[in-house]
Every structure is written in structure tokens, then in C-alpha cells.
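Below is run.cif, which holds mmCIF, C-alpha atoms, pLDDT in the B column; chains and numbers go by the auth columns.
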data_start
loop_
_atom_site.group_PDB
_atom_site.id
_atom_site.type_symbol
_atom_site.label_atom_id
_atom_site.label_comp_id
_atom_site.label_asym_id
_atom_site.label_seq_id
_atom_site.Cartn_x
_atom_site.Cartn_y
_atom_site.Cartn_z
_atom_site.B_iso_or_equiv
_atom_site.auth_seq_id
_atom_site.auth_asym_id
ATOM 1 C CA MET A 1 0.000 0.000 0.000 46.00 1 C
ATOM 2 C CA THR A 2 3.034 2.243 0.354 50.00 2 C
ATOM 3 C CA GLU A 3 5.309 2.945 -2.584 48.00 3 C
ATOM 4 C CA THR A 4 8.752 4.083 -1.515 53.00 4 C
ATOM 5 C CA ALA A 5 10.366 4.806 -4.902 74.00 5 C
ATOM 6 C CA SER A 6 9.161 8.396 -4.725 89.00 6 C
ATOM 7 C CA PRO A 7 11.498 10.869 -2.991 92.00 7 C
ATOM 8 C CA ALA A 8 8.479 13.060 -2.238 96.00 8 C
ATOM 9 C CA LEU A 9 6.843 10.119 -0.463 97.00 9 C
ATOM 10 C CA HIS A 10 10.039 9.562 1.508 96.00 10 C
ATOM 11 C CA THR A 11 9.811 13.154 2.795 97.00 11 C
ATOM 12 C CA ALA A 12 6.067 12.979 3.501 98.00 12 C
ATOM 13 C CA LEU A 13 6.456 9.732 5.446 97.00 13 C
ATOM 14 C CA ALA A 14 9.392 11.102 7.443 97.00 14 C
ATOM 15 C CA TYR A 15 7.203 14.090 8.304 98.00 15 C
ATOM 16 C CA TYR A 16 4.320 11.777 9.262 98.00 16 C
ATOM 17 C CA GLN A 17 6.575 9.600 11.443 98.00 17 C
ATOM 18 C CA ALA A 18 7.918 12.686 13.216 98.00 18 C
ATOM 19 C CA TRP A 19 4.623 14.336 14.151 98.00 19 C
ATOM 20 C CA THR A 20 2.874 11.080 14.995 98.00 20 C
ATOM 21 C CA GLY A 21 5.897 10.397 17.232 97.00 21 C
ATOM 22 C CA HIS A 22 5.216 13.754 18.933 97.00 22 C
ATOM 23 C CA ASP A 23 8.470 15.246 17.617 97.00 23 C
ATOM 24 C CA LEU A 24 7.097 18.540 16.330 97.00 24 C
ATOM 25 C CA ASP A 25 10.549 20.116 15.831 97.00 25 C
ATOM 26 C CA LYS A 26 11.672 17.253 13.623 98.00 26 C
ATOM 27 C CA ALA A 27 8.338 17.322 11.769 98.00 27 C
ATOM 28 C CA MET A 28 8.737 21.024 11.050 98.00 28 C
ATOM 29 C CA SER A 29 12.215 20.369 9.569 98.00 29 C
ATOM 30 C CA TYR A 30 10.372 18.809 6.598 98.00 30 C
ATOM 31 C CA VAL A 31 8.087 21.828 6.152 98.00 31 C
ATOM 32 C CA ALA A 32 9.047 24.780 3.932 98.00 32 C
ATOM 33 C CA ASP A 33 9.121 28.235 5.533 98.00 33 C
ATOM 34 C CA ASP A 34 6.547 29.453 3.033 98.00 34 C
ATOM 35 C CA ILE A 35 4.214 26.465 3.254 98.00 35 C
ATOM 36 C CA VAL A 36 0.623 27.032 2.207 98.00 36 C
ATOM 37 C CA CYS A 37 -1.928 24.684 3.762 98.00 37 C
ATOM 38 C CA ASP A 38 -5.585 24.543 2.801 98.00 38 C
ATOM 39 C CA ALA A 39 -7.188 23.097 5.922 97.00 39 C
ATOM 40 C CA PRO A 40 -10.896 22.684 6.761 96.00 40 C
ATOM 41 C CA ALA A 41 -11.010 26.003 8.632 94.00 41 C
ATOM 42 C CA GLY A 42 -9.250 27.910 5.852 96.00 42 C
ATOM 43 C CA ARG A 43 -5.844 28.718 4.427 98.00 43 C
ATOM 44 C CA LEU A 44 -2.716 28.798 6.575 98.00 44 C
ATOM 45 C CA GLU A 45 0.326 30.624 5.216 98.00 45 C
ATOM 46 C CA GLY A 46 3.862 30.201 6.488 98.00 46 C
ATOM 47 C CA VAL A 47 5.491 27.729 8.833 98.00 47 C
ATOM 48 C CA ALA A 48 4.555 29.638 12.018 98.00 48 C
ATOM 49 C CA ALA A 49 0.843 29.473 11.192 98.00 49 C
ATOM 50 C CA TYR A 50 1.225 25.832 10.208 98.00 50 C
ATOM 51 C CA ARG A 51 3.016 24.977 13.439 97.00 51 C
ATOM 52 C CA GLY A 52 0.247 26.783 15.335 97.00 52 C
ATOM 53 C CA PHE A 53 -2.211 24.420 13.667 95.00 53 C
ATOM 54 C CA MET A 54 -0.247 21.188 14.152 96.00 54 C
ATOM 55 C CA GLY A 55 1.102 21.878 17.643 96.00 55 C
ATOM 56 C CA PRO A 56 -2.218 21.682 19.527 95.00 56 C
ATOM 57 C CA PHE A 57 -3.203 18.641 17.467 95.00 57 C
ATOM 58 C CA VAL A 58 -0.006 16.781 18.351 96.00 58 C
ATOM 59 C CA GLN A 59 -0.700 17.562 22.027 96.00 59 C
ATOM 60 C CA ILE A 60 -4.066 15.764 21.930 96.00 60 C
ATOM 61 C CA LEU A 61 -2.729 12.916 19.761 97.00 61 C
ATOM 62 C CA ARG A 62 -2.754 9.465 21.351 97.00 62 C
ATOM 63 C CA GLY A 63 -1.781 7.442 18.296 97.00 63 C
ATOM 64 C CA ALA A 64 -1.912 7.178 14.514 98.00 64 C
ATOM 65 C CA THR A 65 -2.253 4.368 11.976 98.00 65 C
ATOM 66 C CA LEU A 66 -1.244 4.759 8.356 98.00 66 C
ATOM 67 C CA ILE A 67 -4.039 3.701 5.999 98.00 67 C
ATOM 68 C CA ALA A 68 -2.302 4.309 2.661 98.00 68 C
ATOM 69 C CA ALA A 69 0.319 6.532 1.075 97.00 69 C
ATOM 70 C CA PHE A 70 1.311 6.996 -2.541 97.00 70 C
ATOM 71 C CA GLY A 71 3.538 9.467 -4.294 96.00 71 C
ATOM 72 C CA ASP A 72 5.270 10.497 -7.469 95.00 72 C
ATOM 73 C CA ASP A 73 8.070 13.013 -8.111 94.00 73 C
ATOM 74 C CA GLN A 74 6.464 15.845 -6.186 96.00 74 C
ATOM 75 C CA THR A 75 2.960 14.900 -5.074 97.00 75 C
ATOM 76 C CA VAL A 76 2.007 12.644 -2.185 98.00 76 C
ATOM 77 C CA LEU A 77 -1.404 11.468 -1.126 98.00 77 C
ATOM 78 C CA ILE A 78 -1.592 10.024 2.383 98.00 78 C
ATOM 79 C CA MET A 79 -4.467 8.838 4.560 98.00 79 C
ATOM 80 C CA TYR A 80 -4.258 7.841 8.204 98.00 80 C
ATOM 81 C CA ASP A 81 -6.418 7.365 11.230 98.00 81 C
ATOM 82 C CA THR A 82 -5.671 9.127 14.480 98.00 82 C
ATOM 83 C CA GLU A 83 -6.748 8.551 18.039 98.00 83 C
ATOM 84 C CA THR A 84 -7.056 11.809 19.934 97.00 84 C
ATOM 85 C CA VAL A 85 -8.107 12.744 23.464 96.00 85 C
ATOM 86 C CA PRO A 86 -11.495 14.239 22.462 96.00 86 C
ATOM 87 C CA VAL A 87 -12.193 12.047 19.396 96.00 87 C
ATOM 88 C CA PRO A 88 -11.217 8.350 19.380 95.00 88 C
ATOM 89 C CA ASN A 89 -11.264 7.966 15.595 95.00 89 C
ATOM 90 C CA ALA A 90 -10.286 11.023 13.618 97.00 90 C
ATOM 91 C CA PRO A 91 -9.043 9.989 10.173 98.00 91 C
ATOM 92 C CA ALA A 92 -7.447 12.520 7.858 98.00 92 C
ATOM 93 C CA ALA A 93 -6.040 12.787 4.371 98.00 93 C
ATOM 94 C CA GLU A 94 -3.380 15.085 3.010 98.00 94 C
ATOM 95 C CA CYS A 95 -2.241 15.821 -0.491 98.00 95 C
ATOM 96 C CA VAL A 96 1.176 17.440 -0.243 98.00 96 C
ATOM 97 C CA THR A 97 3.584 18.954 -2.725 98.00 97 C
ATOM 98 C CA VAL A 98 7.259 18.365 -1.958 98.00 98 C
ATOM 99 C CA THR A 99 9.954 20.577 -3.446 96.00 99 C
ATOM 100 C CA SER A 100 13.654 19.954 -2.680 94.00 100 C
ATOM 101 C CA GLY A 101 12.812 17.769 0.297 96.00 101 C
ATOM 102 C CA LYS A 102 10.382 20.213 1.911 98.00 102 C
ATOM 103 C CA ILE A 103 6.596 20.255 2.004 98.00 103 C
ATOM 104 C CA THR A 104 5.547 23.453 0.245 98.00 104 C
ATOM 105 C CA TYR A 105 1.818 22.865 -0.049 98.00 105 C
ATOM 106 C CA SER A 106 -0.708 20.744 1.814 98.00 106 C
ATOM 107 C CA ARG A 107 -4.363 20.103 1.186 98.00 107 C
ATOM 108 C CA PHE A 108 -5.698 18.777 4.460 97.00 108 C
ATOM 109 C CA ILE A 109 -9.038 17.016 4.948 98.00 109 C
ATOM 110 C CA PHE A 110 -10.605 15.819 8.164 98.00 110 C
ATOM 111 C CA ASP A 111 -14.046 15.914 9.713 98.00 111 C
ATOM 112 C CA ARG A 112 -14.369 18.783 12.170 97.00 112 C
ATOM 113 C CA ALA A 113 -17.849 17.686 13.308 96.00 113 C
ATOM 114 C CA PRO A 114 -16.765 15.274 16.097 96.00 114 C
ATOM 115 C CA PHE A 115 -14.259 17.849 17.409 96.00 115 C
ATOM 116 C CA ASP A 116 -17.003 20.498 17.450 94.00 116 C
ATOM 117 C CA ALA A 117 -19.303 18.051 19.273 94.00 117 C
ATOM 118 C CA ALA A 118 -16.632 17.185 21.849 95.00 118 C
ATOM 119 C CA ARG A 119 -15.961 20.881 22.463 92.00 119 C
ATOM 120 C CA LYS A 120 -19.664 21.540 22.960 92.00 120 C
ATOM 121 C CA ALA A 121 -20.041 18.570 25.317 94.00 121 C
ATOM 122 C CA ALA A 122 -17.104 19.808 27.399 91.00 122 C
ATOM 123 C CA SER A 123 -18.365 23.396 27.733 87.00 123 C
ATOM 124 C CA MET B 1 -0.536 13.166 -10.591 46.00 124 G
ATOM 125 C CA THR B 2 -2.603 10.248 -11.782 50.00 125 G
ATOM 126 C CA GLU B 3 -1.014 6.869 -12.387 48.00 126 G
ATOM 127 C CA THR B 4 -3.019 4.725 -14.774 53.00 127 G
ATOM 128 C CA ALA B 5 -1.027 1.462 -14.714 74.00 128 G
ATOM 129 C CA SER B 6 -3.152 0.202 -11.831 88.00 129 G
ATOM 130 C CA PRO B 7 -6.357 -1.676 -12.773 92.00 130 G
ATOM 131 C CA ALA B 8 -7.812 -0.726 -9.387 96.00 131 G
ATOM 132 C CA LEU B 9 -7.201 2.937 -10.214 97.00 132 G
ATOM 133 C CA HIS B 10 -8.891 2.440 -13.574 96.00 133 G
ATOM 134 C CA THR B 11 -12.033 1.206 -11.768 97.00 134 G
ATOM 135 C CA ALA B 12 -11.940 3.933 -9.113 98.00 135 G
ATOM 136 C CA LEU B 13 -11.579 6.663 -11.736 97.00 136 G
ATOM 137 C CA ALA B 14 -14.407 5.216 -13.842 98.00 137 G
ATOM 138 C CA TYR B 15 -16.552 5.266 -10.698 98.00 138 G
ATOM 139 C CA TYR B 16 -15.494 8.852 -9.966 98.00 139 G
ATOM 140 C CA GLN B 17 -16.236 9.984 -13.548 98.00 140 G
ATOM 141 C CA ALA B 18 -19.683 8.363 -13.379 98.00 141 G
ATOM 142 C CA TRP B 19 -20.917 9.892 -10.120 98.00 142 G
ATOM 143 C CA THR B 20 -19.373 13.294 -10.776 98.00 143 G
ATOM 144 C CA GLY B 21 -21.177 13.123 -14.143 97.00 144 G
ATOM 145 C CA HIS B 22 -24.430 12.528 -12.226 97.00 145 G
ATOM 146 C CA ASP B 23 -24.762 8.989 -13.602 97.00 146 G
ATOM 147 C CA LEU B 24 -25.521 7.182 -10.362 97.00 147 G
ATOM 148 C CA ASP B 25 -26.572 3.926 -12.067 97.00 148 G
ATOM 149 C CA LYS B 26 -23.273 3.704 -13.918 98.00 149 G
ATOM 150 C CA ALA B 27 -21.380 4.623 -10.747 98.00 150 G
ATOM 151 C CA MET B 28 -23.094 1.829 -8.833 98.00 151 G
ATOM 152 C CA SER B 29 -22.036 -0.678 -11.525 98.00 152 G
ATOM 153 C CA TYR B 30 -18.494 -0.324 -10.129 98.00 153 G
ATOM 154 C CA VAL B 31 -19.612 -0.948 -6.548 98.00 154 G
ATOM 155 C CA ALA B 32 -19.772 -4.475 -5.062 98.00 155 G
ATOM 156 C CA ASP B 33 -23.110 -5.630 -3.646 98.00 156 G
ATOM 157 C CA ASP B 34 -21.483 -6.183 -0.264 98.00 157 G
ATOM 158 C CA ILE B 35 -19.524 -2.926 -0.137 98.00 158 G
ATOM 159 C CA VAL B 36 -18.522 -1.680 3.292 98.00 159 G
ATOM 160 C CA CYS B 37 -17.972 2.058 3.586 98.00 160 G
ATOM 161 C CA ASP B 38 -16.599 3.801 6.651 98.00 161 G
ATOM 162 C CA ALA B 39 -17.949 7.318 6.258 97.00 162 G
ATOM 163 C CA PRO B 40 -17.809 10.236 8.730 96.00 163 G
ATOM 164 C CA ALA B 41 -21.269 9.423 10.144 94.00 164 G
ATOM 165 C CA GLY B 42 -20.467 5.718 10.567 96.00 165 G
ATOM 166 C CA ARG B 43 -20.316 2.430 8.711 98.00 166 G
ATOM 167 C CA LEU B 44 -22.533 1.706 5.696 98.00 167 G
ATOM 168 C CA GLU B 45 -23.001 -1.916 4.688 98.00 168 G
ATOM 169 C CA GLY B 46 -24.264 -3.093 1.313 98.00 169 G
ATOM 170 C CA VAL B 47 -24.866 -1.345 -1.967 98.00 170 G
ATOM 171 C CA ALA B 48 -28.392 -0.124 -1.054 98.00 171 G
ATOM 172 C CA ALA B 49 -27.094 1.739 2.001 98.00 172 G
ATOM 173 C CA TYR B 50 -24.199 3.076 -0.034 98.00 173 G
ATOM 174 C CA ARG B 51 -26.499 4.296 -2.793 97.00 174 G
ATOM 175 C CA GLY B 52 -28.663 5.944 -0.132 97.00 175 G
ATOM 176 C CA PHE B 53 -25.582 7.860 0.961 95.00 176 G
ATOM 177 C CA MET B 54 -24.312 8.831 -2.508 96.00 177 G
ATOM 178 C CA GLY B 55 -27.680 9.558 -4.137 96.00 178 G
ATOM 179 C CA PRO B 56 -28.544 12.705 -2.152 95.00 179 G
ATOM 180 C CA PHE B 57 -24.963 13.909 -2.492 95.00 180 G
ATOM 181 C CA VAL B 58 -25.015 13.568 -6.283 96.00 181 G
ATOM 182 C CA GLN B 59 -28.272 15.555 -6.298 96.00 182 G
ATOM 183 C CA ILE B 60 -26.632 18.568 -4.626 96.00 183 G
ATOM 184 C CA LEU B 61 -23.411 18.218 -6.649 97.00 184 G
ATOM 185 C CA ARG B 62 -22.587 21.113 -8.975 97.00 185 G
ATOM 186 C CA GLY B 63 -19.121 20.020 -10.020 97.00 186 G
ATOM 187 C CA ALA B 64 -15.966 18.168 -9.026 98.00 187 G
ATOM 188 C CA THR B 65 -12.246 18.599 -9.623 98.00 188 G
ATOM 189 C CA LEU B 66 -9.757 15.766 -9.214 98.00 189 G
ATOM 190 C CA ILE B 67 -6.869 16.750 -6.957 98.00 190 G
ATOM 191 C CA ALA B 68 -4.857 13.507 -7.077 98.00 191 G
ATOM 192 C CA ALA B 69 -5.312 9.769 -7.480 97.00 192 G
ATOM 193 C CA PHE B 70 -2.892 6.905 -7.016 97.00 193 G
ATOM 194 C CA GLY B 71 -3.321 3.173 -6.932 96.00 194 G
ATOM 195 C CA ASP B 72 -1.684 -0.203 -6.861 95.00 195 G
ATOM 196 C CA ASP B 73 -3.084 -3.696 -7.488 94.00 196 G
ATOM 197 C CA GLN B 74 -6.072 -3.307 -5.204 96.00 197 G
ATOM 198 C CA THR B 75 -5.870 -0.066 -3.263 97.00 198 G
ATOM 199 C CA VAL B 76 -6.662 3.414 -4.550 98.00 199 G
ATOM 200 C CA LEU B 77 -6.288 6.721 -2.799 98.00 200 G
ATOM 201 C CA ILE B 78 -8.158 9.600 -4.399 98.00 201 G
ATOM 202 C CA MET B 79 -8.747 13.216 -3.383 98.00 202 G
ATOM 203 C CA TYR B 80 -11.033 15.681 -5.104 98.00 203 G
ATOM 204 C CA ASP B 81 -12.824 18.933 -4.490 98.00 204 G
ATOM 205 C CA THR B 82 -16.554 19.253 -4.987 98.00 205 G
ATOM 206 C CA GLU B 83 -18.842 22.207 -5.424 98.00 206 G
ATOM 207 C CA THR B 84 -22.252 21.559 -3.895 97.00 207 G
ATOM 208 C CA VAL B 85 -25.432 23.589 -3.513 96.00 208 G
ATOM 209 C CA PRO B 86 -25.049 24.187 0.259 96.00 209 G
ATOM 210 C CA VAL B 87 -21.200 24.180 0.431 96.00 210 G
ATOM 211 C CA PRO B 88 -19.132 25.740 -2.376 95.00 211 G
ATOM 212 C CA ASN B 89 -15.906 23.882 -1.524 95.00 212 G
ATOM 213 C CA ALA B 90 -16.320 20.436 -0.073 97.00 213 G
ATOM 214 C CA PRO B 91 -13.178 18.397 -0.679 98.00 214 G
ATOM 215 C CA ALA B 92 -13.105 14.690 0.096 98.00 215 G
ATOM 216 C CA ALA B 93 -10.723 11.764 0.081 98.00 216 G
ATOM 217 C CA GLU B 94 -11.412 8.088 -0.385 98.00 217 G
ATOM 218 C CA CYS B 95 -9.262 5.037 0.091 98.00 218 G
ATOM 219 C CA VAL B 96 -10.931 2.197 -1.769 98.00 219 G
ATOM 220 C CA THR B 97 -10.241 -1.490 -2.160 98.00 220 G
ATOM 221 C CA VAL B 98 -11.027 -2.923 -5.589 98.00 221 G
ATOM 222 C CA THR B 99 -11.569 -6.639 -6.091 96.00 222 G
ATOM 223 C CA SER B 100 -12.348 -8.075 -9.552 94.00 223 G
ATOM 224 C CA GLY B 101 -13.269 -4.656 -10.912 96.00 224 G
ATOM 225 C CA LYS B 102 -15.640 -3.713 -8.084 98.00 225 G
ATOM 226 C CA ILE B 103 -15.176 -1.437 -5.098 98.00 226 G
ATOM 227 C CA THR B 104 -15.549 -3.645 -2.031 98.00 227 G
ATOM 228 C CA TYR B 105 -14.422 -1.231 0.670 98.00 228 G
ATOM 229 C CA SER B 106 -14.253 2.543 0.986 98.00 229 G
ATOM 230 C CA ARG B 107 -12.850 4.750 3.670 98.00 230 G
ATOM 231 C CA PHE B 108 -14.433 8.132 3.104 97.00 231 G
ATOM 232 C CA ILE B 109 -13.265 11.419 4.625 98.00 232 G
ATOM 233 C CA PHE B 110 -14.847 14.820 4.322 98.00 233 G
ATOM 234 C CA ASP B 111 -15.620 17.678 6.664 98.00 234 G
ATOM 235 C CA ARG B 112 -19.241 17.577 7.834 97.00 235 G
ATOM 236 C CA ALA B 113 -18.959 20.921 9.663 96.00 236 G
ATOM 237 C CA PRO B 114 -19.866 23.217 6.714 96.00 237 G
ATOM 238 C CA PHE B 115 -22.816 20.952 5.808 96.00 238 G
ATOM 239 C CA ASP B 116 -24.017 21.079 9.426 94.00 239 G
ATOM 240 C CA ALA B 117 -23.652 24.870 9.397 94.00 240 G
ATOM 241 C CA ALA B 118 -25.555 25.202 6.101 95.00 241 G
ATOM 242 C CA ARG B 119 -28.352 23.002 7.455 92.00 242 G
ATOM 243 C CA LYS B 120 -28.583 25.107 10.606 92.00 243 G
ATOM 244 C CA ALA B 121 -28.594 28.361 8.620 94.00 244 G
ATOM 245 C CA ALA B 122 -31.428 27.045 6.427 91.00 245 G
ATOM 246 C CA SER B 123 -33.624 25.890 9.314 87.00 246 G
#
Would you mind writing the file out in C-alpha cells?
Amino acid sequence: MTETASPALHTALAYYQAWTGHDLDKAMSYVADDIVCDAPAGRLEGVAAYRGFMGPFVQILRGATLIAAFGDDQTVLIMYDTETVPVPNAPAAECVTVTSGKITYSRFIFDRAPFDAARKAAS
Amino acid sequence: MTETASPALHTALAYYQAWTGHDLDKAMSYVADDIVCDAPAGRLEGVAAYRGFMGPFVQILRGATLIAAFGDDQTVLIMYDTETVPVPNAPAAECVTVTSGKITYSRFIFDRAPFDAARKAAS
């Protein structure tokens, strides 16, 4: 299910291993300074904004399971399931562009509904 | 961005072209009778339940754009953006298993939050 001939995939999987291993600094070493990420809540521009998005998520992350990952020269599509403190099953998919070993663009999809529900239940 | 050597990918793209072209009957011809689909709202079992999920979505579909698709012998990962009546940008990702030319399993990810918000605004 995972094709490793693609250098872009190598980068995307190294990034995935780092953040799912709670090593946010190492994860960010694979992210370009000028990353653009289209996430469910809107566009994030630049590595500081991106880190501000991933940091809180990594803090509530209990575990992750890779579902599938494929890539070619510069595009990677990856899907995984995560277990988080508020939501036990929160799968996500990312389509990332990798340029010179850094993630320069990410299209990020996950379902915000169970996170919204958990927030409401807690308030 | 799209690798066509994979027969599973060929099936998944034919399915995608059919439902995004509003041809639900043709789309369902690529779906196994005993399909299992893990969607954001829960598990759907069997082609009737799956059609009951896709039918209303196809009715509100205005257009779709493929973002990326990759596959190997039996697994396909696909991401696309859709324009729908209530939500102008509703991207989704699917990881499907294809057996003998039919989709037997689908893991389906999209963000329900904007659909929930549109429903609330309309009520």
C-alpha cells in the first residue's frame, strides 16, 4: 500500500513519522518556511501558522495508523487514522507537494464535526 | 498526478467519472453488492445503504475537480474537491479497495462541519 520509490513520499512519510511520534521540531524540519496549507477552517500561510495548527493537534494525539500513502516526483497522497483525546477515531487525508525535500503545499481534509461536538459537550 | 497502470485505479476513476457526471446507475455498476464504507457518520453496509448515501450527495453536486489519485493492485487513494449547492468547496478523500473490478471497501473522509452549518442556517 506504500510505494517508496518516490522521494516526495520519503519526505512525507518522514514528516508523518515525526509528528505522529510527537516530535514537532523534527516534523517542522520537513516543512518549507513558506508552506501554504488549505485546511478545513481555511488557508494557513507560512510555517509559524502551520506549526500553530499542528502543535495543539499533536498535544491531543494518542496514536496514529497509516491507511495508505502513494507518491510520485512531487505529489504525495496520504491517509491515516488518528486517536485523539477528544475524538477516538479522527481519520485525515493530506495531499502534499514536496519541493527539494520540503513540504511546500498541503491540502488537508478531516471531519471537524466530532471535534465540534466534543468541544460543545465539554463546555 | 494520476497513475493509470493500476487496474484498481482504472475502476476507481471510472466510478469517480460516473458519479461526478451525475450517472448514479453507472457509478453503482463499479460498486460491489457487499460494499462496506466507513464514512464520517459511521459504517454503511451493502450497496443499497451506499447508494442511499451517494444519491442525495449527487443531487446537490454542482461540479468536481480531481486533486490527485494513485493506486496499486487493489488499493486506490483519491482526493477531489466538490462544489455543492449548500457548500461551495467540499473536498473529500477516499481510500478504496477494488476486487475483480468492483469497489468492495471505501474509507471516506470529508468535513461535515460546513454541511451542518448550512443546514442550521437554512432551518
Show me, as a ChimeraX atom specification, every residue of chain G with an atom at most 12 Å from chain C, counting all atoms listed in the file. /G:124-126,161-165,189-204,212-220,229-240
Name the residues in contact with Ser223 of chain G at a cut-off of 12 Å, using all atoms listed in the file, excluding same-chain residues fewer than 4 positions from it; report them as an MDAnalysis selection string. chainID G and resid 130:131 133:134 153:155 196:197 227
Which residues would end up in the selection if the PyMOL selection byres ((chain C and resi 83) around 10) were applied here, given that I need the answer as a PyMOL selection string? chain C and resi 60-65+81-82+84-91
Reference answer for the PyMOL selection byres ((chain G and resi 173) around 12), as a PyMOL selection string: chain G and resi 147+150-151+154-162+165-172+174-180+226-229+231
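Between atom CA of Ala12 of chain C and atom CA of Lys26 of chain C there is a distance of 12.3 Å.
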Atom CA of Ala141 of chain G and atom CA of Ala128 of chain G are how many Å apart?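 Separating atom CA of Ala141 of chain G from atom CA of Ala128 of chain G is a distance of 19.9 Å.
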Please, what is the axis-aligned box for every listed atom of segment 157-169 of chain G with 6 Å on each side, as centre and edge lengths in Å to one decimal, as JSON?
{"center_x": -20.4, "center_y": 2.0, "center_z": 5.2, "size_x": 19.7, "size_y": 28.4, "size_z": 22.8}
Calculated over all atoms listed in the file, which of the candidates C:Ser123, C:Ser29, C:Thr99, C:Gln59 has the smallest distance to Tyr16 of chain C?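 Looking at the shortest contact to Tyr16 of chain C, the residue is C:Ser29.
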